[in-house]
$ cat work.txt   # compact mmCIF, C-alpha atoms and all ligand atoms
# COMPACT_ATOMS: atom_id res chain seq x y z
CA MET A 1 -6.49 158.58 -69.79
CA PHE A 2 -4.03 157.65 -72.53
CA ASP A 3 -2.85 160.08 -75.17
CA ASP A 4 -1.21 158.43 -78.17
CA PRO A 5 -0.63 160.92 -80.99
CA PHE A 6 0.91 158.19 -83.19
CA ALA A 7 -1.90 155.62 -82.93
CA MET A 8 -3.94 156.70 -85.95
CA ARG A 9 -0.82 157.39 -87.98
CA ILE A 10 0.77 153.98 -87.44
CA ILE A 11 -2.37 152.00 -88.27
CA GLY A 12 -2.69 153.89 -91.56
CA GLN A 13 -5.50 155.88 -93.18
CA ASP A 14 -7.65 152.94 -94.29
CA ALA A 15 -7.66 151.27 -90.87
CA ALA A 16 -8.17 154.62 -89.13
CA ALA A 17 -11.20 155.36 -91.32
CA ALA A 18 -12.63 151.87 -90.71
CA THR A 19 -12.17 152.32 -86.94
CA GLU A 20 -13.95 155.66 -86.92
CA SER A 21 -16.93 154.41 -88.90
CA LYS A 22 -17.48 151.30 -86.75
CA ALA A 23 -20.47 151.23 -84.39
CA ASP A 24 -19.20 151.31 -80.81
CA GLY A 25 -21.30 148.78 -78.88
CA ARG A 26 -20.96 148.20 -75.12
CA VAL A 27 -18.72 145.16 -75.50
CA SER A 28 -16.30 146.71 -77.98
CA SER A 29 -16.18 149.98 -76.03
CA SER A 30 -15.30 148.06 -72.84
CA PHE A 31 -12.66 146.10 -74.72
CA ARG A 32 -11.20 149.31 -76.14
CA ALA A 33 -11.18 150.89 -72.66
CA PHE A 34 -9.25 147.88 -71.33
CA MET A 35 -6.57 148.33 -74.00
CA ALA A 36 -6.14 152.00 -73.11
CA VAL A 37 -6.19 151.35 -69.35
CA ARG A 38 -3.62 148.56 -69.51
CA SER A 39 -1.18 150.85 -71.34
CA ARG A 40 -1.84 153.69 -68.85
CA TYR A 41 -1.28 151.32 -65.92
CA SER A 42 1.94 149.93 -67.39
CA GLU A 43 3.39 153.30 -68.40
CA ASP A 44 2.61 154.65 -64.89
CA GLU A 45 4.64 151.75 -63.49
CA LEU A 46 7.39 152.49 -66.02
CA ALA A 47 7.52 156.08 -64.67
CA THR A 48 7.95 154.70 -61.14
CA ALA A 49 10.70 152.34 -62.34
CA VAL A 50 12.53 155.18 -64.11
CA SER A 51 12.31 157.33 -60.96
CA ARG A 52 13.99 154.45 -59.09
CA GLY A 53 16.86 154.38 -61.60
CA VAL A 54 15.76 151.87 -64.27
CA ARG A 55 17.24 152.74 -67.67
CA GLN A 56 16.11 149.76 -69.80
CA TYR A 57 12.50 149.27 -70.93
CA VAL A 58 11.50 146.12 -72.82
CA VAL A 59 8.17 146.05 -74.66
CA LEU A 60 7.34 142.36 -75.10
CA GLY A 61 5.00 141.47 -77.98
CA ALA A 62 5.08 145.15 -78.92
CA GLY A 63 2.71 145.01 -81.90
CA LEU A 64 1.98 148.59 -82.92
CA ASP A 65 2.95 150.02 -79.50
CA THR A 66 4.27 153.55 -79.97
CA PHE A 67 6.02 154.25 -76.66
CA ALA A 68 9.44 154.36 -78.35
CA TRP A 69 8.22 157.34 -80.42
CA ARG A 70 6.77 159.04 -77.32
CA ASN A 71 9.68 158.29 -74.96
CA PRO A 72 10.03 161.31 -72.64
CA TYR A 73 13.05 159.88 -70.72
CA PRO A 74 16.36 160.90 -72.35
CA GLU A 75 18.37 158.10 -70.69
CA LEU A 76 15.89 155.26 -71.23
CA ARG A 77 16.80 152.60 -73.79
CA VAL A 78 13.79 150.87 -75.33
CA PHE A 79 13.83 147.30 -76.67
CA GLU A 80 10.90 146.07 -78.73
CA VAL A 81 10.61 142.29 -78.72
CA ASP A 82 8.11 140.67 -81.04
CA PHE A 83 7.39 137.66 -83.20
CA PRO A 84 9.75 138.13 -86.17
CA ALA A 85 7.04 138.41 -88.87
CA THR A 86 5.01 140.92 -86.81
CA GLN A 87 8.08 143.00 -86.12
CA HIS A 88 9.05 143.02 -89.78
CA TRP A 89 5.52 144.18 -90.68
CA LYS A 90 5.64 146.93 -88.05
CA ARG A 91 9.00 148.19 -89.29
CA GLN A 92 7.56 148.41 -92.80
CA ARG A 93 4.48 150.29 -91.51
CA VAL A 94 6.66 152.73 -89.57
CA ALA A 95 8.75 153.37 -92.70
CA ASN A 96 5.65 153.75 -94.90
CA VAL A 97 4.13 156.44 -92.68
CA GLY A 98 7.47 158.21 -92.19
CA MET A 99 7.72 157.87 -88.39
CA GLY A 100 11.49 157.41 -88.46
CA HIS A 101 13.60 155.38 -86.04
CA PRO A 102 14.15 156.83 -82.53
CA GLU A 103 17.81 156.53 -81.52
CA SER A 104 16.94 154.97 -78.17
CA LEU A 105 15.01 152.09 -79.82
CA THR A 106 16.39 148.62 -80.57
CA PHE A 107 14.36 145.83 -82.21
CA ALA A 108 14.82 142.24 -81.03
CA PRO A 109 12.89 139.59 -83.00
CA VAL A 110 11.98 136.63 -80.76
CA ASP A 111 9.39 133.85 -80.96
CA PHE A 112 8.60 133.14 -77.29
CA GLU A 113 7.64 129.56 -78.21
CA SER A 114 10.88 128.54 -79.91
CA GLN A 115 13.58 130.95 -78.66
CA THR A 116 14.56 132.24 -75.26
CA LEU A 117 14.00 135.84 -74.33
CA ALA A 118 17.51 135.92 -72.86
CA GLU A 119 19.16 135.00 -76.18
CA GLY A 120 17.15 137.47 -78.23
CA LEU A 121 17.60 140.37 -75.83
CA ILE A 122 21.28 139.88 -75.13
CA ALA A 123 22.01 139.57 -78.86
CA ALA A 124 20.28 142.97 -79.26
CA GLY A 125 22.52 144.62 -76.63
CA PHE A 126 20.34 144.37 -73.50
CA ASP A 127 22.43 144.44 -70.31
CA PRO A 128 21.26 141.67 -67.92
CA GLN A 129 23.37 143.17 -65.11
CA GLU A 130 21.29 146.37 -65.11
CA PRO A 131 17.70 146.59 -63.84
CA ALA A 132 14.97 146.63 -66.46
CA TYR A 133 11.23 147.14 -66.63
CA PHE A 134 9.12 144.96 -68.97
CA SER A 135 5.59 145.40 -70.30
CA TRP A 136 3.76 142.49 -71.86
CA LEU A 137 0.33 143.64 -72.96
CA GLY A 138 -2.17 141.58 -74.91
CA VAL A 139 0.20 138.63 -75.32
CA THR A 140 0.18 136.06 -72.49
CA MET A 141 -3.21 134.56 -73.45
CA TYR A 142 -1.79 133.50 -76.83
CA LEU A 143 1.15 131.57 -75.34
CA THR A 144 1.77 128.12 -73.94
CA ARG A 145 2.42 127.92 -70.20
CA GLU A 146 6.02 126.83 -70.92
CA ALA A 147 6.73 129.92 -73.03
CA PHE A 148 5.10 132.17 -70.41
CA GLU A 149 7.12 130.69 -67.54
CA SER A 150 10.36 130.73 -69.52
CA SER A 151 10.07 134.47 -70.24
CA VAL A 152 8.80 135.49 -66.79
CA GLY A 153 11.44 133.25 -65.21
CA PHE A 154 14.16 135.16 -67.09
CA ILE A 155 12.80 138.51 -65.83
CA GLY A 156 12.51 137.09 -62.31
CA LYS A 157 16.22 136.29 -62.25
CA LEU A 158 17.39 139.76 -63.31
CA THR A 159 18.89 142.38 -61.02
CA SER A 160 16.40 143.77 -58.49
CA GLY A 161 14.87 147.19 -59.12
CA GLY A 162 12.94 146.20 -62.23
CA GLY A 163 9.79 144.22 -62.89
CA VAL A 164 7.05 143.33 -65.32
CA THR A 165 3.44 144.29 -66.01
CA PHE A 166 1.16 142.07 -68.08
CA ASP A 167 -2.50 141.36 -68.59
CA TYR A 168 -3.89 137.87 -68.40
CA ALA A 169 -7.10 136.02 -69.15
CA VAL A 170 -9.02 134.70 -66.15
CA GLU A 171 -9.76 130.98 -65.98
CA ARG A 172 -13.32 130.27 -67.18
CA SER A 173 -14.35 128.64 -63.87
CA GLU A 174 -13.74 131.98 -62.07
CA LEU A 175 -16.06 133.94 -64.37
CA GLY A 176 -19.76 134.72 -64.06
CA ILE A 177 -22.28 133.55 -66.63
CA PHE A 178 -22.26 136.75 -68.73
CA GLU A 179 -18.48 136.87 -68.72
CA ARG A 180 -18.33 133.26 -69.92
CA VAL A 181 -20.56 134.16 -72.86
CA ALA A 182 -18.35 137.17 -73.66
CA LEU A 183 -15.20 135.06 -73.35
CA ASP A 184 -16.59 132.39 -75.67
CA HIS A 185 -17.50 135.06 -78.21
CA LEU A 186 -14.05 136.66 -78.05
CA ALA A 187 -12.28 133.27 -78.10
CA ARG A 188 -14.16 132.27 -81.26
CA LYS A 189 -13.24 135.58 -82.89
CA VAL A 190 -9.49 135.32 -82.24
CA ALA A 191 -9.42 131.60 -83.07
CA SER A 192 -11.08 132.36 -86.42
CA VAL A 193 -8.07 134.48 -87.41
CA GLY A 194 -5.68 131.71 -86.37
CA GLU A 195 -4.58 133.08 -82.96
CA PRO A 196 -6.53 131.12 -80.32
CA PHE A 197 -6.42 131.97 -76.61
CA GLN A 198 -4.64 129.14 -74.83
CA LEU A 199 -3.43 130.41 -71.45
CA PHE A 200 -5.74 131.25 -68.55
CA PHE A 201 -4.99 131.76 -64.85
CA ARG A 202 -6.75 131.59 -61.53
CA GLN A 203 -5.65 134.58 -59.43
CA ALA A 204 -4.20 132.60 -56.54
CA GLU A 205 -2.36 130.22 -58.85
CA LEU A 206 -0.78 133.10 -60.79
CA ALA A 207 0.43 134.75 -57.57
CA ASP A 208 2.07 131.46 -56.51
CA THR A 209 3.73 131.13 -59.92
CA MET A 210 5.09 134.68 -59.82
CA ARG A 211 6.55 134.21 -56.33
CA ARG A 212 8.12 130.91 -57.37
CA LEU A 213 9.69 132.66 -60.39
CA GLY A 214 11.39 135.31 -58.24
CA PHE A 215 9.00 138.24 -57.71
CA ALA A 216 8.62 139.73 -54.25
CA GLU A 217 5.93 142.38 -54.68
CA LEU A 218 2.75 141.73 -56.62
CA GLU A 219 -0.34 143.74 -57.52
CA ASP A 220 -3.24 142.06 -59.33
CA VAL A 221 -6.02 144.43 -60.41
CA GLY A 222 -9.30 143.91 -62.22
CA ARG A 223 -12.33 145.77 -63.54
CA ASP A 224 -13.52 147.44 -60.34
CA GLU A 225 -10.14 148.80 -59.19
CA LEU A 226 -9.32 149.96 -62.72
CA ASN A 227 -12.69 151.69 -63.17
CA THR A 228 -12.19 153.52 -59.86
CA ARG A 229 -8.58 154.42 -60.60
CA TYR A 230 -8.85 155.55 -64.23
CA LEU A 231 -12.46 155.88 -65.37
CA ALA A 232 -14.40 157.36 -62.44
CA GLY A 233 -16.35 160.55 -63.09
CA ARG A 234 -16.34 160.32 -66.89
CA THR A 235 -19.39 161.74 -68.58
CA ASP A 236 -19.14 159.58 -71.74
CA GLY A 237 -19.96 156.29 -69.96
CA LEU A 238 -16.63 154.68 -70.93
CA LYS A 239 -15.87 151.91 -68.46
CA LEU A 240 -14.73 148.31 -68.14
CA ARG A 241 -17.74 146.02 -68.04
CA GLY A 242 -16.38 142.49 -67.87
CA GLY A 243 -13.82 140.71 -65.74
CA ILE A 244 -12.20 138.47 -68.36
CA GLY A 245 -8.89 140.34 -68.32
CA ARG A 246 -6.84 141.41 -65.30
CA LEU A 247 -3.50 143.15 -64.85
CA MET A 248 -0.52 141.83 -62.91
CA ARG A 249 2.32 144.09 -61.81
CA ALA A 250 5.30 142.25 -60.35
CA ARG A 251 8.41 143.89 -58.94
CA ARG A 252 11.78 142.33 -58.28
C1 LIG B 1 -2.78 141.58 -79.48
S1 LIG B 1 -1.12 142.01 -79.92
C2 LIG B 1 -0.67 143.12 -78.60
C3 LIG B 1 0.18 144.26 -79.08
C4 LIG B 1 0.55 145.34 -78.08
N1 LIG B 1 1.39 144.82 -77.02
C5 LIG B 1 -0.67 146.03 -77.51
O1 LIG B 1 -0.81 146.13 -76.30
O2 LIG B 1 -1.50 146.52 -78.28
C6 LIG B 1 -0.24 140.51 -79.58
C7 LIG B 1 1.25 140.58 -79.83
O3 LIG B 1 1.84 139.38 -79.32
C8 LIG B 1 2.82 138.94 -80.22
N2 LIG B 1 3.02 137.48 -80.07
C9 LIG B 1 2.08 136.51 -80.07
N3 LIG B 1 2.66 135.30 -79.96
C10 LIG B 1 4.00 135.52 -79.90
C11 LIG B 1 5.16 134.68 -79.80
N4 LIG B 1 5.03 133.36 -79.76
N5 LIG B 1 6.38 135.26 -79.76
C12 LIG B 1 6.52 136.60 -79.82
N6 LIG B 1 5.48 137.46 -79.90
C13 LIG B 1 4.23 136.92 -79.95
C14 LIG B 1 2.24 139.29 -81.59
O4 LIG B 1 3.25 139.30 -82.58
C15 LIG B 1 1.63 140.67 -81.30
O5 LIG B 1 2.54 141.71 -81.50
$ encode --input "work.txt" --output "structure tokens" --more "lines below"
Ligand SMILES: C[S@@+](CC[C@H](N)C(=O)[O-])C[C@H]1O[C@@H](n2cnc3c(N)ncnc32)[C@H](O)[C@@H]1O
Amino acid sequence: MFDDPFAMRIIGQDAAAATESKADGRVSSSFRAFMAVRSRYSEDELATAVSRGVRQYVVLGAGLDTFAWRNPYPELRVFEVDFPATQHWKRQRVANVGMGHPESLTFAPVDFESQTLAEGLIAAGFDPQEPAYFSWLGVTMYLTREAFESSVGFIGKLTSGGGVTFDYAVERSELGIFERVALDHLARKVASVGEPFQLFFRQAELADTMRRLGFAELEDVGRDELNTRYLAGRTDGLKLRGGIGRLMRARR
């Protein structure tokens, strides 16, 4: 489903060993599957964008994303945007494990809450006149609505041909009882490390927002579509079990 030969290397030996020794319960296996599926879904959309002529890829809130080290497209420029302290930490990790710096990669430190994406990207050499594809995985739920709309609004005003893919957390009132319990559990866990979830969407409301911000073509997919598309026929039982997170793909 998603082959990332750099994943274990970039997290380092200690973290890799801890990951391997952890018991893999149903909830954590579903959560892990969602992380792999969202990257597969987004990189499939990137491939479509590249085939339509896009030559700029922006990874928003990149964390330890490794696409830049796996980039198979010779003409594609990659921009990694992240919270400055996280990006600094990643750059140190990359240096420590000897992964080097791909020529096509540019780092752009930006705090979505206090800076604009436009400023940070343009300062890093991004060309706003050329189409670009953006991924934004595992980030929107940590932001304020203002920061979310400011960044998506910037992408929505760019030249047509590009777009954005992101995952989002579903508003509690749209979840079933078991999903609410799982959400509360997860919310407590992330809040306890100082990064609380704060942004949730109802599907219809998100679609309205995306259209208002300039996107013409939307796809919003959840557990059932993703299980059918990427996880059908597996013999190891790996599948998405809850509906807390969904994926939005929006094209300009
Ligand atoms: C859960 S990680 C996701 C990493 C990666 N995209 C992935 O799919 O695994 C969340 C990322 O969002 C970034 N982030 C959170 N709040 C941010 C903000 N206000 N400005 C910029 N980045 C932010 C963090 O620095 C981190 O890299």
$ closest_residue --input "work.txt" --among "A:Phe67, A:Phe107, A:Phe112, A:Phe31" --to "ligand LIG 1 (chain B)" --atoms "only C-alpha atoms and all ligand atoms"
A:Phe112
$ residues_near_point --input "work.txt" --point "(-17.8, 146.1, -74.9)" --cutoff "10 Å" --atoms "only C-alpha atoms" --output "MDAnalysis selection string"
chainID A and resid 24:34 182 238:242
$ write_last_selection --input "work.txt" --atoms "C-alpha atoms" --output "short mmCIF file (atom, residue, chain, number, x, y, z; two decimals), in the coordinates of the input"
data_model
loop_
_atom_site.label_atom_id
_atom_site.label_comp_id
_atom_site.auth_asym_id
_atom_site.auth_seq_id
_atom_site.Cartn_x
_atom_site.Cartn_y
_atom_site.Cartn_z
CA ASP A 24 -19.20 151.31 -80.81
CA GLY A 25 -21.30 148.78 -78.88
CA ARG A 26 -20.96 148.20 -75.12
CA VAL A 27 -18.72 145.16 -75.50
CA SER A 28 -16.30 146.71 -77.98
CA SER A 29 -16.18 149.98 -76.03
CA SER A 30 -15.30 148.06 -72.84
CA PHE A 31 -12.66 146.10 -74.72
CA ARG A 32 -11.20 149.31 -76.14
CA ALA A 33 -11.18 150.89 -72.66
CA PHE A 34 -9.25 147.88 -71.33
CA ALA A 182 -18.35 137.17 -73.66
CA LEU A 238 -16.63 154.68 -70.93
CA LYS A 239 -15.87 151.91 -68.46
CA LEU A 240 -14.73 148.31 -68.14
CA ARG A 241 -17.74 146.02 -68.04
CA GLY A 242 -16.38 142.49 -67.87
#
$ closest_residue --input "work.txt" --among "A:Phe126, A:Phe201, A:Tyr142, A:Phe134" --to "ligand LIG 1 (chain B)" --atoms "all atoms listed in the file"
A:Tyr142
$ residues_around --input "work.txt" --residues "Thr209 (chain A)" --least-positions-apart "6" --cutoff "12 Å" --atoms "only C-alpha atoms" --output "MDAnalysis selection string"
chainID A and resid 145 148:150 152:153 156 201:203 215:216 218 248 250
$ atom_distance --input "work.txt" --atom1 "CA of Glu219 (chain A)" --atom2 "CA of Gly161 (chain A)"
15.7 Å
$ axis_aligned_box --input "work.txt" --around "ligand LIG 1 (chain B)" --padding-each-side "6 Å" --output "JSON"
{"center_x": 1.9, "center_y": 139.9, "center_z": -79.4, "size_x": 21.3, "size_y": 25.2, "size_z": 18.3}
$ residues_near_ligand --input "work.txt" --ligand "ligand LIG 1 (chain B)" --cutoff "9 Å" --atoms "all atoms listed in the file" --output "count of residues only"
38
$ atom_distance --input "work.txt" --atom1 "CA of Phe79 (chain A)" --atom2 "CA of Gly53 (chain A)"
16.9 Å
$ closest_residue --input "work.txt" --among "A:Pro128, A:Gly194, A:Pro102, A:Gly222" --to "Arg249 (chain A)" --atoms "only C-alpha atoms"
A:Gly222
$ atom_distance --input "work.txt" --atom1 "CA of Pro131 (chain A)" --atom2 "CA of Val54 (chain A)"
5.6 Å
$ closest_residue --input "work.txt" --among "A:Ser160, A:Thr116, A:Asn96, A:Thr165" --to "Ser42 (chain A)" --atoms "all atoms listed in the file"
A:Thr165
$ closest_residue --input "work.txt" --among "A:Gln56, A:Ser173, A:Thr228, A:Ser192" --to "Ile244 (chain A)" --atoms "only C-alpha atoms"
A:Ser173
$ closest_residue --input "work.txt" --among "A:Ala108, A:Leu76, A:Leu247, A:Val94" --to "Ala49 (chain A)" --atoms "all atoms listed in the file"
A:Leu76
$ residues_around --input "work.txt" --residues "Arg52 (chain A)" --least-positions-apart "6" --cutoff "12 Å" --atoms "only C-alpha atoms" --output "list in words"
Glu45, Leu46, Pro131, Ala132, Tyr133, Ser160, Gly161, Gly162, Gly163 and Arg251 of chain A
$ residues_near_point --input "work.txt" --point "(-9.6, 157.6, -67.4)" --cutoff "10 Å" --atoms "all atoms listed in the file" --output "ChimeraX atom specification"
/A:1-2,33,36-37,40,226-234,238-239
$ decode --input "work.txt" --residues "region 30-69 of chain A" --atoms "N, CA and C atoms" --output "mmCIF file, in the first residue's frame"
data_model
loop_
_atom_site.group_PDB
_atom_site.id
_atom_site.type_symbol
_atom_site.label_atom_id
_atom_site.label_comp_id
_atom_site.auth_asym_id
_atom_site.auth_seq_id
_atom_site.Cartn_x
_atom_site.Cartn_y
_atom_site.Cartn_z
ATOM 1 N N SER A 30 -5.644 0.367 13.296
ATOM 2 C CA SER A 30 -6.506 1.156 12.406
ATOM 3 C C SER A 30 -5.932 2.563 12.204
ATOM 4 N N PHE A 31 -5.404 3.112 13.276
ATOM 5 C CA PHE A 31 -4.829 4.448 13.235
ATOM 6 C C PHE A 31 -3.594 4.456 12.310
ATOM 7 N N ARG A 32 -2.797 3.412 12.458
ATOM 8 C CA ARG A 32 -1.586 3.262 11.642
ATOM 9 C C ARG A 32 -1.974 3.097 10.162
ATOM 10 N N ALA A 33 -3.031 2.306 9.921
ATOM 11 C CA ALA A 33 -3.492 2.108 8.535
ATOM 12 C C ALA A 33 -3.934 3.441 7.939
ATOM 13 N N PHE A 34 -4.599 4.269 8.754
ATOM 14 C CA PHE A 34 -5.069 5.567 8.237
ATOM 15 C C PHE A 34 -3.884 6.437 7.816
ATOM 16 N N MET A 35 -2.807 6.398 8.603
ATOM 17 C CA MET A 35 -1.626 7.208 8.262
ATOM 18 C C MET A 35 -1.009 6.752 6.940
ATOM 19 N N ALA A 36 -0.966 5.431 6.734
ATOM 20 C CA ALA A 36 -0.397 4.930 5.480
ATOM 21 C C ALA A 36 -1.327 5.253 4.309
ATOM 22 N N VAL A 37 -2.635 5.056 4.514
ATOM 23 C CA VAL A 37 -3.599 5.285 3.434
ATOM 24 C C VAL A 37 -3.627 6.755 3.023
ATOM 25 N N ARG A 38 -3.546 7.658 4.010
ATOM 26 C CA ARG A 38 -3.646 9.076 3.634
ATOM 27 C C ARG A 38 -2.438 9.485 2.798
ATOM 28 N N SER A 39 -1.252 8.925 3.084
ATOM 29 C CA SER A 39 -0.084 9.241 2.262
ATOM 30 C C SER A 39 -0.220 8.628 0.864
ATOM 31 N N ARG A 40 -0.737 7.386 0.803
ATOM 32 C CA ARG A 40 -0.952 6.737 -0.508
ATOM 33 C C ARG A 40 -1.904 7.583 -1.354
ATOM 34 N N TYR A 41 -3.018 7.973 -0.740
ATOM 35 C CA TYR A 41 -4.053 8.743 -1.438
ATOM 36 C C TYR A 41 -3.466 10.056 -1.951
ATOM 37 N N SER A 42 -2.709 10.740 -1.102
ATOM 38 C CA SER A 42 -2.157 12.035 -1.490
ATOM 39 C C SER A 42 -1.077 11.884 -2.563
ATOM 40 N N GLU A 43 -0.228 10.870 -2.429
ATOM 41 C CA GLU A 43 0.840 10.720 -3.434
ATOM 42 C C GLU A 43 0.271 10.214 -4.763
ATOM 43 N N ASP A 44 -0.874 9.517 -4.743
ATOM 44 C CA ASP A 44 -1.553 9.162 -6.002
ATOM 45 C C ASP A 44 -2.054 10.438 -6.682
ATOM 46 N N GLU A 45 -2.591 11.349 -5.888
ATOM 47 C CA GLU A 45 -3.085 12.614 -6.448
ATOM 48 C C GLU A 45 -1.909 13.464 -6.949
ATOM 49 N N LEU A 46 -0.792 13.400 -6.239
ATOM 50 C CA LEU A 46 0.409 14.101 -6.712
ATOM 51 C C LEU A 46 0.801 13.574 -8.098
ATOM 52 N N ALA A 47 0.760 12.252 -8.277
ATOM 53 C CA ALA A 47 1.127 11.657 -9.576
ATOM 54 C C ALA A 47 0.210 12.198 -10.680
ATOM 55 N N THR A 48 -1.081 12.319 -10.371
ATOM 56 C CA THR A 48 -2.031 12.867 -11.349
ATOM 57 C C THR A 48 -1.671 14.320 -11.660
ATOM 58 N N ALA A 49 -1.354 15.084 -10.610
ATOM 59 C CA ALA A 49 -1.005 16.500 -10.804
ATOM 60 C C ALA A 49 0.249 16.617 -11.672
ATOM 61 N N VAL A 50 1.251 15.785 -11.401
ATOM 62 C CA VAL A 50 2.494 15.839 -12.188
ATOM 63 C C VAL A 50 2.196 15.488 -13.648
ATOM 64 N N SER A 51 1.317 14.501 -13.866
ATOM 65 C CA SER A 51 0.998 14.120 -15.250
ATOM 66 C C SER A 51 0.263 15.239 -15.977
ATOM 67 N N ARG A 52 -0.348 16.148 -15.206
ATOM 68 C CA ARG A 52 -1.029 17.305 -15.826
ATOM 69 C C ARG A 52 -0.119 18.526 -15.907
ATOM 70 N N GLY A 53 1.156 18.354 -15.534
ATOM 71 C CA GLY A 53 2.117 19.444 -15.730
ATOM 72 C C GLY A 53 2.556 20.188 -14.485
ATOM 73 N N VAL A 54 2.071 19.791 -13.303
ATOM 74 C CA VAL A 54 2.492 20.471 -12.064
ATOM 75 C C VAL A 54 3.956 20.141 -11.773
ATOM 76 N N ARG A 55 4.724 21.168 -11.402
ATOM 77 C CA ARG A 55 6.157 20.978 -11.139
ATOM 78 C C ARG A 55 6.575 21.483 -9.763
ATOM 79 N N GLN A 56 5.591 21.858 -8.924
ATOM 80 C CA GLN A 56 5.886 22.290 -7.550
ATOM 81 C C GLN A 56 5.010 21.484 -6.595
ATOM 82 N N TYR A 57 5.644 20.874 -5.598
ATOM 83 C CA TYR A 57 4.919 20.092 -4.593
ATOM 84 C C TYR A 57 5.258 20.665 -3.220
ATOM 85 N N VAL A 58 4.224 21.038 -2.471
ATOM 86 C CA VAL A 58 4.440 21.614 -1.146
ATOM 87 C C VAL A 58 3.887 20.663 -0.085
ATOM 88 N N VAL A 59 4.753 20.212 0.815
ATOM 89 C CA VAL A 59 4.337 19.321 1.897
ATOM 90 C C VAL A 59 4.141 20.197 3.134
ATOM 91 N N LEU A 60 2.885 20.438 3.482
ATOM 92 C CA LEU A 60 2.575 21.327 4.607
ATOM 93 C C LEU A 60 2.575 20.538 5.918
ATOM 94 N N GLY A 61 3.229 21.068 6.933
ATOM 95 C CA GLY A 61 3.316 20.342 8.213
ATOM 96 C C GLY A 61 3.992 19.010 7.977
ATOM 97 N N ALA A 62 5.163 19.051 7.342
ATOM 98 C CA ALA A 62 5.801 17.833 6.807
ATOM 99 C C ALA A 62 6.177 16.816 7.875
ATOM 100 N N GLY A 63 6.499 17.264 9.089
ATOM 101 C CA GLY A 63 6.956 16.299 10.092
ATOM 102 C C GLY A 63 8.107 15.474 9.531
ATOM 103 N N LEU A 64 8.013 14.153 9.721
ATOM 104 C CA LEU A 64 9.096 13.283 9.229
ATOM 105 C C LEU A 64 8.752 12.689 7.860
ATOM 106 N N ASP A 65 7.893 13.358 7.095
ATOM 107 C CA ASP A 65 7.580 12.911 5.726
ATOM 108 C C ASP A 65 8.874 12.736 4.931
ATOM 109 N N THR A 66 8.933 11.670 4.138
ATOM 110 C CA THR A 66 10.189 11.382 3.416
ATOM 111 C C THR A 66 10.052 11.493 1.901
ATOM 112 N N PHE A 67 8.928 12.064 1.417
ATOM 113 C CA PHE A 67 8.759 12.085 -0.046
ATOM 114 C C PHE A 67 9.978 12.685 -0.755
ATOM 115 N N ALA A 68 10.513 13.773 -0.186
ATOM 116 C CA ALA A 68 11.619 14.467 -0.872
ATOM 117 C C ALA A 68 12.798 13.529 -1.131
ATOM 118 N N TRP A 69 12.944 12.499 -0.290
ATOM 119 C CA TRP A 69 14.057 11.547 -0.469
ATOM 120 C C TRP A 69 13.652 10.410 -1.406
#
